[in-house]
file coords-v7.tsv (TSV, C-alpha atoms and all ligand atoms)
chain	number	residue	atom	x	y	z
G	5	MET	CA	-139.31	-70.34	63.29
G	6	GLU	CA	-140.71	-73.81	62.72
G	7	VAL	CA	-140.94	-74.73	59.08
G	8	GLY	CA	-142.99	-77.86	58.33
G	9	GLY	CA	-142.10	-79.23	61.79
G	10	ASN	CA	-138.39	-78.82	61.06
G	11	GLN	CA	-136.21	-76.59	63.13
G	12	ILE	CA	-133.90	-74.04	61.57
G	13	ARG	CA	-130.34	-74.70	62.70
G	14	VAL	CA	-128.46	-71.53	63.65
G	15	GLN	CA	-125.34	-72.92	62.01
G	16	SER	CA	-127.14	-73.02	58.64
G	17	LEU	CA	-128.10	-69.35	58.98
G	18	VAL	CA	-124.45	-68.53	59.49
G	19	GLN	CA	-123.37	-70.71	56.57
G	20	GLU	CA	-125.84	-68.84	54.35
G	21	GLY	CA	-123.78	-65.73	55.17
G	22	LYS	CA	-126.46	-63.73	57.01
G	23	VAL	CA	-125.11	-60.37	58.17
G	24	VAL	CA	-128.28	-59.35	59.94
G	25	VAL	CA	-129.83	-61.49	62.64
G	26	PRO	CA	-133.36	-62.68	61.72
G	27	PRO	CA	-136.00	-60.96	63.90
G	28	GLN	CA	-136.88	-64.19	65.78
G	29	TYR	CA	-133.45	-64.06	67.43
G	30	VAL	CA	-133.48	-60.41	68.47
G	31	GLN	CA	-133.84	-60.02	72.25
G	32	PRO	CA	-135.98	-57.20	73.63
G	33	PRO	CA	-133.82	-54.31	74.93
G	34	GLN	CA	-134.12	-55.38	78.60
G	35	THR	CA	-132.55	-58.83	78.04
G	36	ARG	CA	-129.80	-57.85	75.61
G	37	PRO	CA	-126.27	-58.34	76.92
G	38	HIS	CA	-124.42	-55.19	77.94
G	39	ARG	CA	-120.94	-56.33	77.23
G	40	VAL	CA	-119.26	-52.92	77.64
G	41	LEU	CA	-119.83	-53.10	81.39
G	42	ARG	CA	-118.47	-56.62	81.74
G	43	ASN	CA	-115.24	-57.05	83.69
G	44	THR	CA	-113.75	-53.81	82.47
G	45	ASN	CA	-111.77	-51.09	84.21
G	46	LYS	CA	-112.32	-52.58	87.61
G	47	GLY	CA	-108.74	-53.73	88.14
G	48	ASP	CA	-108.48	-56.04	91.10
G	49	ASP	CA	-112.14	-55.66	91.88
G	50	VAL	CA	-113.22	-57.82	88.96
G	51	LEU	CA	-115.66	-60.27	90.38
G	52	ASN	CA	-115.03	-63.89	89.48
G	53	PRO	CA	-116.77	-67.07	90.60
G	54	PRO	CA	-114.80	-68.93	93.31
G	55	VAL	CA	-112.31	-71.65	92.43
G	56	ILE	CA	-112.50	-74.62	94.81
G	57	ASP	CA	-109.71	-77.17	95.01
G	58	LEU	CA	-111.21	-80.56	95.83
G	59	SER	CA	-107.90	-81.79	97.23
G	60	LYS	CA	-107.83	-79.14	99.99
G	61	VAL	CA	-109.76	-81.20	102.51
G	62	ASN	CA	-109.25	-78.88	105.49
G	63	SER	CA	-111.08	-75.86	104.10
G	64	LEU	CA	-113.41	-77.64	101.69
G	65	HIS	CA	-116.68	-77.48	103.62
G	66	GLU	CA	-116.29	-73.81	104.48
G	67	GLU	CA	-115.36	-72.88	100.88
G	68	LEU	CA	-118.23	-74.90	99.47
G	69	ARG	CA	-120.65	-73.32	101.91
G	70	ARG	CA	-119.58	-69.83	100.93
G	71	ALA	CA	-119.62	-70.55	97.18
G	72	CYS	CA	-123.03	-72.24	97.33
G	73	LYS	CA	-124.55	-69.44	99.41
G	74	GLU	CA	-123.04	-66.51	97.55
G	75	TRP	CA	-122.93	-67.82	93.97
G	76	GLY	CA	-124.67	-71.18	93.53
G	77	ALA	CA	-121.79	-71.90	91.16
G	78	PHE	CA	-118.02	-72.37	91.28
G	79	HIS	CA	-115.02	-73.74	89.40
G	80	LEU	CA	-113.78	-77.08	90.74
G	81	THR	CA	-110.15	-78.13	90.33
G	82	ASN	CA	-108.40	-81.39	91.25
G	83	HIS	CA	-111.75	-83.11	90.75
G	84	GLY	CA	-110.27	-86.41	89.60
G	85	ILE	CA	-111.50	-86.37	85.97
G	86	PRO	CA	-108.39	-86.44	83.74
G	87	VAL	CA	-107.97	-83.30	81.64
G	88	GLU	CA	-107.44	-85.62	78.63
G	89	LEU	CA	-111.02	-86.84	79.04
G	90	LEU	CA	-112.33	-83.26	79.31
G	91	ASP	CA	-110.42	-82.41	76.11
G	92	ALA	CA	-111.63	-85.58	74.37
G	93	MET	CA	-115.25	-84.69	75.22
G	94	ARG	CA	-114.78	-81.14	73.89
G	95	ASN	CA	-113.07	-82.52	70.77
G	96	VAL	CA	-115.69	-85.09	69.80
G	97	GLY	CA	-118.44	-82.52	70.40
G	98	SER	CA	-116.69	-79.94	68.31
G	99	SER	CA	-115.95	-82.40	65.49
G	100	PHE	CA	-119.68	-83.19	65.16
G	101	PHE	CA	-120.58	-79.53	64.64
G	102	ALA	CA	-117.50	-78.43	62.71
G	103	ASP	CA	-116.71	-81.43	60.51
G	104	CYS	CA	-120.02	-83.15	59.69
G	105	THR	CA	-122.23	-82.14	56.79
G	106	MET	CA	-125.70	-80.83	57.60
G	107	ASP	CA	-127.20	-84.06	56.19
G	108	GLN	CA	-125.05	-86.12	58.54
G	109	LYS	CA	-126.09	-83.94	61.45
G	110	LEU	CA	-129.77	-84.08	60.51
G	111	SER	CA	-129.65	-87.87	60.50
G	112	TYR	CA	-129.52	-87.43	64.30
G	113	GLY	CA	-132.21	-84.72	64.42
G	114	CYS	CA	-134.23	-84.73	67.65
G	115	ASP	CA	-138.02	-84.80	67.71
G	116	PRO	CA	-139.01	-81.10	67.51
G	117	ASN	CA	-142.39	-81.82	69.12
G	118	SER	CA	-141.09	-83.46	72.26
G	119	PRO	CA	-139.20	-81.37	74.83
G	120	ALA	CA	-135.71	-82.62	75.75
G	121	SER	CA	-135.76	-85.38	73.16
G	122	GLU	CA	-132.38	-86.88	72.42
G	123	GLY	CA	-130.35	-85.74	69.41
G	124	TYR	CA	-129.47	-82.71	67.31
G	125	GLY	CA	-131.67	-79.65	67.79
G	126	SER	CA	-131.80	-75.95	68.37
G	127	ARG	CA	-134.68	-74.85	70.56
G	128	MET	CA	-134.56	-76.73	73.81
G	129	LEU	CA	-135.43	-73.89	76.14
G	130	VAL	CA	-138.23	-72.43	74.09
G	131	GLN	CA	-141.66	-73.90	73.56
G	132	SER	CA	-144.09	-71.20	72.55
G	133	ASN	CA	-143.80	-69.68	69.10
G	134	ASP	CA	-143.57	-66.12	70.42
G	135	THR	CA	-140.41	-66.74	72.48
G	136	VAL	CA	-137.19	-65.20	71.19
G	137	LEU	CA	-134.93	-67.96	69.87
G	138	ASP	CA	-131.51	-68.81	71.26
G	139	TRP	CA	-128.46	-68.44	69.01
G	140	ARG	CA	-127.50	-72.05	69.65
G	141	ASP	CA	-127.57	-75.56	68.22
G	142	TYR	CA	-127.08	-78.57	70.46
G	143	PHE	CA	-126.77	-82.31	70.72
G	144	ASP	CA	-128.46	-83.87	73.73
G	145	HIS	CA	-127.46	-87.36	74.92
G	146	HIS	CA	-129.48	-89.45	77.35
G	147	THR	CA	-126.78	-91.17	79.37
G	148	LEU	CA	-128.11	-92.44	82.73
G	149	PRO	CA	-129.63	-94.60	84.08
G	150	LEU	CA	-128.10	-97.19	81.77
G	151	SER	CA	-131.61	-98.23	80.65
G	152	ARG	CA	-131.85	-94.82	78.88
G	153	ARG	CA	-128.41	-95.03	77.31
G	154	ASP	CA	-128.48	-96.05	73.66
G	155	PRO	CA	-125.18	-95.10	71.98
G	156	SER	CA	-126.61	-96.00	68.57
G	157	LYS	CA	-128.48	-92.67	68.84
G	158	TRP	CA	-125.21	-90.77	69.17
G	159	PRO	CA	-123.00	-89.62	66.30
G	160	HIS	CA	-120.66	-92.22	64.83
G	161	PHE	CA	-118.66	-89.89	62.58
G	162	SER	CA	-115.62	-89.66	64.80
G	163	GLU	CA	-114.36	-93.07	65.69
G	164	ASN	CA	-114.25	-92.62	69.45
G	165	TYR	CA	-117.33	-90.38	69.91
G	166	ARG	CA	-119.54	-92.95	71.64
G	167	LYS	CA	-116.76	-94.31	73.84
G	168	VAL	CA	-115.80	-90.83	75.01
G	169	VAL	CA	-119.39	-89.82	75.83
G	170	ALA	CA	-119.98	-93.06	77.78
G	171	GLU	CA	-116.76	-92.64	79.75
G	172	TYR	CA	-117.45	-88.96	80.39
G	173	SER	CA	-120.95	-89.84	81.63
G	174	ASP	CA	-119.61	-92.37	84.13
G	175	ARG	CA	-116.91	-90.06	85.46
G	176	THR	CA	-119.17	-87.01	85.80
G	177	SER	CA	-121.93	-88.90	87.60
G	178	GLY	CA	-119.36	-90.16	90.14
G	179	LEU	CA	-118.16	-86.60	90.65
G	180	ALA	CA	-121.71	-85.23	90.95
G	181	GLU	CA	-122.53	-87.79	93.65
G	182	LYS	CA	-119.37	-86.98	95.57
G	183	LEU	CA	-120.13	-83.26	95.35
G	184	LEU	CA	-123.70	-83.62	96.57
G	185	GLY	CA	-122.26	-85.50	99.56
G	186	LEU	CA	-119.84	-82.68	100.36
G	187	ILE	CA	-122.50	-80.04	99.77
G	188	SER	CA	-124.83	-81.86	102.20
G	189	GLU	CA	-122.07	-82.02	104.80
G	190	SER	CA	-121.27	-78.35	104.33
G	191	LEU	CA	-124.81	-77.60	105.57
G	192	GLY	CA	-124.54	-79.95	108.54
G	193	LEU	CA	-126.76	-82.55	106.84
G	194	SER	CA	-125.83	-86.22	106.58
G	195	SER	CA	-123.53	-86.91	103.69
G	196	SER	CA	-126.15	-88.82	101.68
G	197	CYS	CA	-129.00	-86.38	102.40
G	198	ILE	CA	-129.28	-84.56	99.04
G	199	LYS	CA	-128.48	-87.65	96.96
G	200	ASP	CA	-131.12	-89.67	98.84
G	201	CYS	CA	-133.71	-86.96	98.10
G	202	VAL	CA	-132.70	-86.95	94.40
G	203	GLY	CA	-132.55	-90.75	94.09
G	204	GLU	CA	-131.07	-92.45	91.06
G	205	PHE	CA	-129.50	-89.91	88.70
G	206	TYR	CA	-131.17	-89.18	85.38
G	207	GLN	CA	-128.22	-87.74	83.52
G	208	ASN	CA	-128.22	-85.88	80.19
G	209	ILE	CA	-125.15	-84.52	78.44
G	210	THR	CA	-125.82	-81.53	76.20
G	211	VAL	CA	-123.15	-80.29	73.83
G	212	SER	CA	-124.03	-76.70	72.91
G	213	TYR	CA	-122.62	-75.07	69.80
G	214	TYR	CA	-122.88	-71.29	69.42
G	215	PRO	CA	-121.91	-70.22	65.89
G	216	PRO	CA	-120.41	-66.74	65.47
G	217	CYS	CA	-123.22	-64.20	65.47
G	218	PRO	CA	-123.21	-61.13	63.18
G	219	GLN	CA	-124.94	-59.00	65.85
G	220	PRO	CA	-123.97	-60.34	69.28
G	221	GLU	CA	-125.28	-57.23	71.02
G	222	LEU	CA	-128.84	-58.19	70.01
G	223	THR	CA	-128.82	-61.90	70.82
G	224	LEU	CA	-128.29	-64.50	73.51
G	225	GLY	CA	-126.81	-67.93	72.93
G	226	LEU	CA	-129.00	-69.18	75.73
G	227	GLN	CA	-131.52	-67.07	77.60
G	228	SER	CA	-131.31	-66.46	81.34
G	229	HIS	CA	-132.35	-69.55	83.32
G	230	SER	CA	-131.53	-71.81	86.22
G	231	ASP	CA	-131.13	-75.52	85.52
G	232	PHE	CA	-134.08	-77.54	86.75
G	233	GLY	CA	-132.40	-80.70	88.10
G	234	ALA	CA	-130.02	-81.12	91.05
G	235	VAL	CA	-126.54	-80.23	89.84
G	236	THR	CA	-124.89	-79.43	86.48
G	237	LEU	CA	-121.22	-79.96	85.65
G	238	LEU	CA	-120.12	-77.77	82.76
G	239	ILE	CA	-116.97	-77.55	80.68
G	240	GLN	CA	-116.38	-75.07	77.88
G	241	ASP	CA	-113.75	-74.29	75.27
G	242	ASP	CA	-111.43	-71.29	75.50
G	243	VAL	CA	-113.81	-68.88	73.71
G	244	GLY	CA	-116.05	-68.23	76.72
G	245	GLY	CA	-119.58	-66.85	76.84
G	246	LEU	CA	-121.13	-68.28	80.00
G	247	GLU	CA	-122.30	-65.64	82.47
G	248	VAL	CA	-123.66	-66.03	85.99
G	249	LEU	CA	-125.94	-63.51	87.70
G	250	LYS	CA	-124.47	-62.25	90.97
G	251	ASP	CA	-126.19	-59.50	92.99
G	252	GLY	CA	-127.96	-58.26	89.89
G	253	GLU	CA	-124.83	-58.17	87.71
G	254	TRP	CA	-123.90	-60.57	84.91
G	255	ILE	CA	-120.43	-61.99	85.59
G	256	PHE	CA	-118.40	-63.59	82.81
G	257	VAL	CA	-117.15	-67.09	83.67
G	258	ASN	CA	-113.53	-67.37	82.54
G	259	PRO	CA	-112.85	-70.68	80.81
G	260	LEU	CA	-110.42	-72.83	82.86
G	261	ARG	CA	-109.26	-75.77	80.78
G	262	ASP	CA	-108.78	-78.36	83.51
G	263	ALA	CA	-111.58	-77.25	85.85
G	264	VAL	CA	-115.23	-78.26	85.87
G	265	PHE	CA	-117.76	-75.49	86.47
G	266	VAL	CA	-120.40	-76.57	88.99
G	267	ILE	CA	-123.88	-75.05	88.77
G	268	LEU	CA	-126.41	-75.74	91.54
G	269	ALA	CA	-129.82	-76.41	90.06
G	270	ASP	CA	-133.38	-75.90	91.31
G	271	GLN	CA	-133.97	-79.23	93.10
G	272	THR	CA	-130.90	-78.58	95.27
G	273	GLU	CA	-132.34	-75.18	96.16
G	274	ILE	CA	-135.60	-76.88	97.22
G	275	ILE	CA	-133.90	-79.70	99.16
G	276	THR	CA	-131.63	-77.25	101.02
G	277	ASN	CA	-134.73	-75.11	101.74
G	278	GLY	CA	-133.17	-72.15	99.96
G	279	GLU	CA	-130.00	-72.17	102.11
G	280	TYR	CA	-128.25	-72.74	98.79
G	281	LYS	CA	-129.67	-71.10	95.69
G	282	SER	CA	-129.61	-72.37	92.14
G	283	ALA	CA	-127.49	-70.13	89.92
G	284	GLN	CA	-129.15	-67.99	87.26
G	285	HIS	CA	-127.01	-68.09	84.13
G	286	ARG	CA	-127.03	-67.43	80.39
G	287	ALA	CA	-124.73	-67.65	77.37
G	288	ILE	CA	-123.76	-64.64	75.28
G	289	THR	CA	-122.58	-64.78	71.65
G	290	ASN	CA	-119.67	-63.22	69.81
G	291	SER	CA	-119.01	-62.29	66.19
G	292	ASN	CA	-115.61	-63.96	65.74
G	293	LYS	CA	-115.53	-67.53	66.89
G	294	ALA	CA	-117.87	-70.46	67.31
G	295	ARG	CA	-118.09	-71.57	70.93
G	296	LEU	CA	-118.66	-74.99	72.49
G	297	SER	CA	-119.81	-76.04	75.94
G	298	VAL	CA	-120.73	-79.41	77.42
G	299	ALA	CA	-123.30	-79.36	80.23
G	300	THR	CA	-123.94	-82.56	82.18
G	301	PHE	CA	-127.24	-82.48	84.07
G	302	HIS	CA	-128.05	-84.70	87.06
G	303	ASP	CA	-131.76	-84.89	87.72
G	304	PRO	CA	-134.24	-86.92	89.80
G	305	ALA	CA	-136.67	-89.40	88.22
G	306	LYS	CA	-139.82	-87.73	86.89
G	307	THR	CA	-141.91	-89.52	89.56
G	308	LYS	CA	-139.77	-88.35	92.49
G	309	ILE	CA	-141.39	-85.94	94.95
G	310	ILE	CA	-138.92	-83.28	95.99
G	311	SER	CA	-139.32	-81.36	99.24
G	312	PRO	CA	-137.01	-79.51	101.65
G	313	ALA	CA	-134.83	-81.52	104.04
G	314	ILE	CA	-134.78	-78.64	106.54
G	315	GLU	CA	-137.71	-77.31	108.65
G	316	PRO	CA	-139.73	-75.10	108.48
G	317	HIS	CA	-140.31	-75.69	104.77
G	318	LYS	CA	-140.01	-72.63	102.55
G	319	TYR	CA	-140.98	-74.48	99.33
G	320	ARG	CA	-144.01	-76.56	98.41
G	321	PRO	CA	-143.27	-80.22	97.60
G	322	VAL	CA	-143.31	-80.91	93.89
G	323	MET	CA	-143.27	-83.98	91.69
G	324	TYR	CA	-140.17	-83.52	89.55
G	325	GLY	CA	-141.98	-84.42	86.30
G	326	ASP	CA	-144.59	-81.71	86.98
G	327	TYR	CA	-141.83	-79.19	87.63
G	328	VAL	CA	-140.16	-80.01	84.31
G	329	SER	CA	-143.43	-79.84	82.35
G	330	SER	CA	-144.30	-76.45	83.76
G	331	TRP	CA	-140.75	-75.21	83.08
G	332	TYR	CA	-141.02	-76.25	79.44
G	333	THR	CA	-144.54	-74.85	79.04
G	334	LYS	CA	-143.86	-71.42	80.52
G	335	GLY	CA	-140.21	-71.08	79.54
G	336	PRO	CA	-137.50	-70.20	82.04
G	337	GLU	CA	-137.38	-66.39	82.32
G	338	GLY	CA	-134.74	-66.42	85.01
G	339	LYS	CA	-135.93	-68.24	88.11
G	340	ARG	CA	-139.68	-67.75	87.90
G	341	ASN	CA	-140.45	-71.48	88.00
G	342	ILE	CA	-138.76	-72.16	91.31
G	343	ASP	CA	-139.96	-68.87	92.75
G	344	ALA	CA	-143.52	-70.06	92.10
G	345	LEU	CA	-142.97	-72.86	94.67
G	346	LEU	CA	-142.02	-70.50	97.49
G	347	LEU	CA	-144.42	-70.63	100.45
N	401	LIG	O1	-123.15	-72.86	77.13
N	401	LIG	C1	-123.11	-72.59	78.31
N	401	LIG	O2	-122.10	-72.19	78.85
N	401	LIG	C2	-124.37	-72.73	79.15
N	401	LIG	C3	-125.17	-73.98	78.88
N	401	LIG	C4	-126.34	-74.09	79.79
N	401	LIG	O3	-126.54	-73.30	80.66
N	401	LIG	C5	-127.30	-75.20	79.65
N	401	LIG	O4	-127.18	-75.99	78.70
N	401	LIG	O5	-128.23	-75.28	80.50
N	402	FE	FE	-128.00	-74.04	82.11
call {"tool": "encode", "arguments": {"input": "coords-v7.tsv", "output": "structure tokens", "more": "lines below"}}
Ligand SMILES: O=C(O)CCC(=O)C(=O)O
Ligand SMILES: [Fe+2]
result
Amino acid sequence: MEVGGNQIRVQSLVQEGKVVVPPQYVQPPQTRPHRVLRNTNKGDDVLNPPVIDLSKVNSLHEELRRACKEWGAFHLTNHGIPVELLDAMRNVGSSFFADCTMDQKLSYGCDPNSPASEGYGSRMLVQSNDTVLDWRDYFDHHTLPLSRRDPSKWPHFSENYRKVVAEYSDRTSGLAEKLLGLISESLGLSSSCIKDCVGEFYQNITVSYYPPCPQPELTLGLQSHSDFGAVTLLIQDDVGGLEVLKDGEWIFVNPLRDAVFVILADQTEIITNGEYKSAQHRAITNSNKARLSVATFHDPAKTKIISPAIEPHKYRPVMYGDYVSSWYTKGPEGKRNIDALLL
């Protein structure tokens, strides 16, 4: 789907009025979403990811421990980031995709030949030309450390875009650090244990835009994967489409406007020696409404060696940069990259 080095944006396919999904986006039968089975007819038994209230200090460690062991993901409320800032981040992201012309958007096009390059793109998780494409466009921002942050590379079309992204970056990195402290404590480790292993945060903020899809039963907005850094903080709009794999079943993550959805990523699984697992997740599409999510990734430096903080080690040590390169070369396919490090 690469034409002269340019990427096809999914949004332009939709604007052309396609009623049939091009073959490059059609998932093989085994990875297609089975939405009929999702959260239906189960009454009170509907399985939902836990909701953890950060202000409930008494039960926090126990709740975090359970959520991290059983899900690797949870909603977090009373996290200290004002809901106005969450809304502002969703709004500036949405205005870029919904209100800008394609030429304006393409003026921020990312480098299609370099994985995870900053800017507007549409095939972050897929490298080889035979991989099925995701029904998604995105804008990736490099936000931390400050030496990587260059707001002139971010959209300027809405007046407060750059200010909102910078403020959102600062607030989410503070929350991510606090959470890693609590997660360490919940395992009986010293409060700074996981953060010390990760080192200075390399933070990226990715706004994902999933246009309506004429055949949602054949596509995925984002294929099944676990995030490769330490911890991801995700917010979404009220459309919904994020799913988390739990005991072999895909569970729909209900959008909660003022909560942040926390996703443990692979380096936290390695550091906790598999006591806590990274969450396998994906995004599904729908035929009615465009959907927006904002994922904020907190990663180690590429030169950092990551190894378990608990003996006996169940994972081989890995240089983070090598882990990322292999992830991008092979593609995610669920959790096969981290599973390859198991001793
Ligand atoms: O859009 C979503 O809800 C998921 C995004 C995601 O998993 C990612 O960007 O890694
Ligand atoms: Fe993800």
call {"tool": "residues_around", "arguments": {"input": "coords-v7.tsv", "residues": "range 173-181 of chain G", "least_positions_apart": "2", "cutoff": "7 Å", "atoms": "only C-alpha atoms", "output": "list in words"}}
result
Ile85, Thr147, Val169, Ala170, Glu171, Leu183, Leu184, Gly185 and Lys199 of chain G
call {"tool": "residues_around", "arguments": {"input": "coords-v7.tsv", "residues": "Gln227 in chain G", "least_positions_apart": "3", "cutoff": "7 Å", "atoms": "all atoms listed in the file", "output": "number ranges by chain"}}
result
G: 138, 224, 286-287
call {"tool": "residues_around", "arguments": {"input": "coords-v7.tsv", "residues": "range 304-321 of chain G", "least_positions_apart": "6", "cutoff": "10 Å", "atoms": "only C-alpha atoms", "output": "number ranges by chain"}}
result
G: 149, 193, 197-207, 232-234, 271-279, 327-329, 342-347
call {"tool": "write_last_selection", "arguments": {"input": "coords-v7.tsv", "atoms": "C-alpha atoms", "output": "compact mmCIF listing (two decimals), keeping the file's coordinate frame"}}
result
# COMPACT_ATOMS: atom_id res chain seq x y z
CA PRO G 149 -129.63 -94.60 84.08
CA LEU G 193 -126.76 -82.55 106.84
CA CYS G 197 -129.00 -86.38 102.40
CA ILE G 198 -129.28 -84.56 99.04
CA LYS G 199 -128.48 -87.65 96.96
CA ASP G 200 -131.12 -89.67 98.84
CA CYS G 201 -133.71 -86.96 98.10
CA VAL G 202 -132.70 -86.95 94.40
CA GLY G 203 -132.55 -90.75 94.09
CA GLU G 204 -131.07 -92.45 91.06
CA PHE G 205 -129.50 -89.91 88.70
CA TYR G 206 -131.17 -89.18 85.38
CA GLN G 207 -128.22 -87.74 83.52
CA PHE G 232 -134.08 -77.54 86.75
CA GLY G 233 -132.40 -80.70 88.10
CA ALA G 234 -130.02 -81.12 91.05
CA GLN G 271 -133.97 -79.23 93.10
CA THR G 272 -130.90 -78.58 95.27
CA GLU G 273 -132.34 -75.18 96.16
CA ILE G 274 -135.60 -76.88 97.22
CA ILE G 275 -133.90 -79.70 99.16
CA THR G 276 -131.63 -77.25 101.02
CA ASN G 277 -134.73 -75.11 101.74
CA GLY G 278 -133.17 -72.15 99.96
CA GLU G 279 -130.00 -72.17 102.11
CA TYR G 327 -141.83 -79.19 87.63
CA VAL G 328 -140.16 -80.01 84.31
CA SER G 329 -143.43 -79.84 82.35
CA ILE G 342 -138.76 -72.16 91.31
CA ASP G 343 -139.96 -68.87 92.75
CA ALA G 344 -143.52 -70.06 92.10
CA LEU G 345 -142.97 -72.86 94.67
CA LEU G 346 -142.02 -70.50 97.49
CA LEU G 347 -144.42 -70.63 100.45
call {"tool": "atom_distance", "arguments": {"input": "coords-v7.tsv", "atom1": "CA of Glu20 in chain G", "atom2": "CA of Cys104 in chain G"}}
result
16.3 Å
call {"tool": "closest_residue", "arguments": {"input": "coords-v7.tsv", "among": "G:Ser230, G:Thr81, G:Ser162, G:Ser63", "to": "Leu268 in chain G", "atoms": "all atoms listed in the file"}}
result
G:Ser230
call {"tool": "closest_residue", "arguments": {"input": "coords-v7.tsv", "among": "G:Lys157, G:His229, G:Arg295, G:Arg70", "to": "Leu191 in chain G", "atoms": "only C-alpha atoms"}}
result
G:Arg70
call {"tool": "residues_near_ligand", "arguments": {"input": "coords-v7.tsv", "ligand": "ligand LIG 401 (chain N)", "cutoff": "6 Å", "atoms": "all atoms listed in the file", "output": "PyMOL selection string"}}
result
chain G and resi 212+231+246+286-287+297+299
call {"tool": "atom_distance", "arguments": {"input": "coords-v7.tsv", "atom1": "CA of Val248 in chain G", "atom2": "CA of Thr35 in chain G"}}
result
13.9 Å
call {"tool": "closest_residue", "arguments": {"input": "coords-v7.tsv", "among": "G:Glu253, G:Gly21, G:Asn292, G:Leu238", "to": "ligand FE 402 (chain N)", "atoms": "all atoms listed in the file"}}
result
G:Leu238
call {"tool": "closest_residue", "arguments": {"input": "coords-v7.tsv", "among": "G:Ala283, G:Leu68, G:Ala120, G:Cys217", "to": "ligand FE 402 (chain N)", "atoms": "all atoms listed in the file"}}
result
G:Ala283
call {"tool": "atom_distance", "arguments": {"input": "coords-v7.tsv", "atom1": "CA of Val14 in chain G", "atom2": "CA of Ala263 in chain G"}}
result
28.5 Å
call {"tool": "closest_residue", "arguments": {"input": "coords-v7.tsv", "among": "G:Leu51, G:Val168, G:Leu150, G:Val136", "to": "Ser228 in chain G", "atoms": "all atoms listed in the file"}}
result
G:Val136
call {"tool": "closest_residue", "arguments": {"input": "coords-v7.tsv", "among": "G:Asp57, G:Ser330, G:Pro33, G:Lys281", "to": "Pro119 in chain G", "atoms": "all atoms listed in the file"}}
result
G:Ser330
call {"tool": "residues_near_point", "arguments": {"input": "coords-v7.tsv", "point": "(-117.5, -65.0, 91.2)", "cutoff": "8 Å", "atoms": "only C-alpha atoms", "output": "list in words"}}
result
Leu51, Asn52, Pro53, Pro54, Trp75, Phe78, Lys250, Ile255 and Val257 of chain G
call {"tool": "residues_around", "arguments": {"input": "coords-v7.tsv", "residues": "His79 in chain G", "least_positions_apart": "6", "cutoff": "6 Å", "atoms": "all atoms listed in the file", "output": "list in words"}}
result
Val55, Val264 and Phe265 of chain G
call {"tool": "residues_around", "arguments": {"input": "coords-v7.tsv", "residues": "Ser121 in chain G", "least_positions_apart": "5", "cutoff": "10 Å", "atoms": "all atoms listed in the file", "output": "number ranges by chain"}}
result
G: 113-116, 128, 143-146
call {"tool": "decode", "arguments": {"input": "coords-v7.tsv", "residues": "range 233-242 of chain G", "atoms": "N, CA, C and O atoms", "output": "compact mmCIF listing (two decimals), in the first residue's frame"}}
result
# COMPACT_ATOMS: atom_id res chain seq x y z
N GLY G 233 6.93 -0.21 25.67
CA GLY G 233 7.66 0.54 26.68
C GLY G 233 7.33 0.07 28.09
O GLY G 233 7.24 -1.13 28.36
N ALA G 234 7.16 1.04 29.02
CA ALA G 234 6.91 0.69 30.42
C ALA G 234 5.42 0.81 30.77
O ALA G 234 4.83 -0.12 31.31
N VAL G 235 4.84 1.96 30.49
CA VAL G 235 3.42 2.13 30.82
C VAL G 235 2.78 3.13 29.85
O VAL G 235 3.43 4.12 29.45
N THR G 236 1.54 2.84 29.47
CA THR G 236 0.80 3.71 28.54
C THR G 236 -0.42 4.26 29.26
O THR G 236 -1.12 3.52 29.96
N LEU G 237 -0.67 5.56 29.09
CA LEU G 237 -1.89 6.18 29.64
C LEU G 237 -2.76 6.55 28.46
O LEU G 237 -2.33 7.31 27.59
N LEU G 238 -3.97 6.02 28.41
CA LEU G 238 -4.81 6.22 27.22
C LEU G 238 -6.13 6.89 27.57
O LEU G 238 -6.76 6.55 28.57
N ILE G 239 -6.52 7.85 26.76
CA ILE G 239 -7.88 8.40 26.85
C ILE G 239 -8.54 8.21 25.49
O ILE G 239 -7.85 8.12 24.47
N GLN G 240 -9.85 8.11 25.50
CA GLN G 240 -10.56 7.95 24.22
C GLN G 240 -11.83 8.79 24.25
O GLN G 240 -12.22 9.30 25.29
N ASP G 241 -12.44 8.94 23.07
CA ASP G 241 -13.72 9.67 23.04
C ASP G 241 -14.85 8.69 23.40
O ASP G 241 -14.60 7.56 23.79
N ASP G 242 -16.10 9.16 23.25
CA ASP G 242 -17.20 8.32 23.72
C ASP G 242 -17.64 7.26 22.71
O ASP G 242 -18.63 6.56 22.93
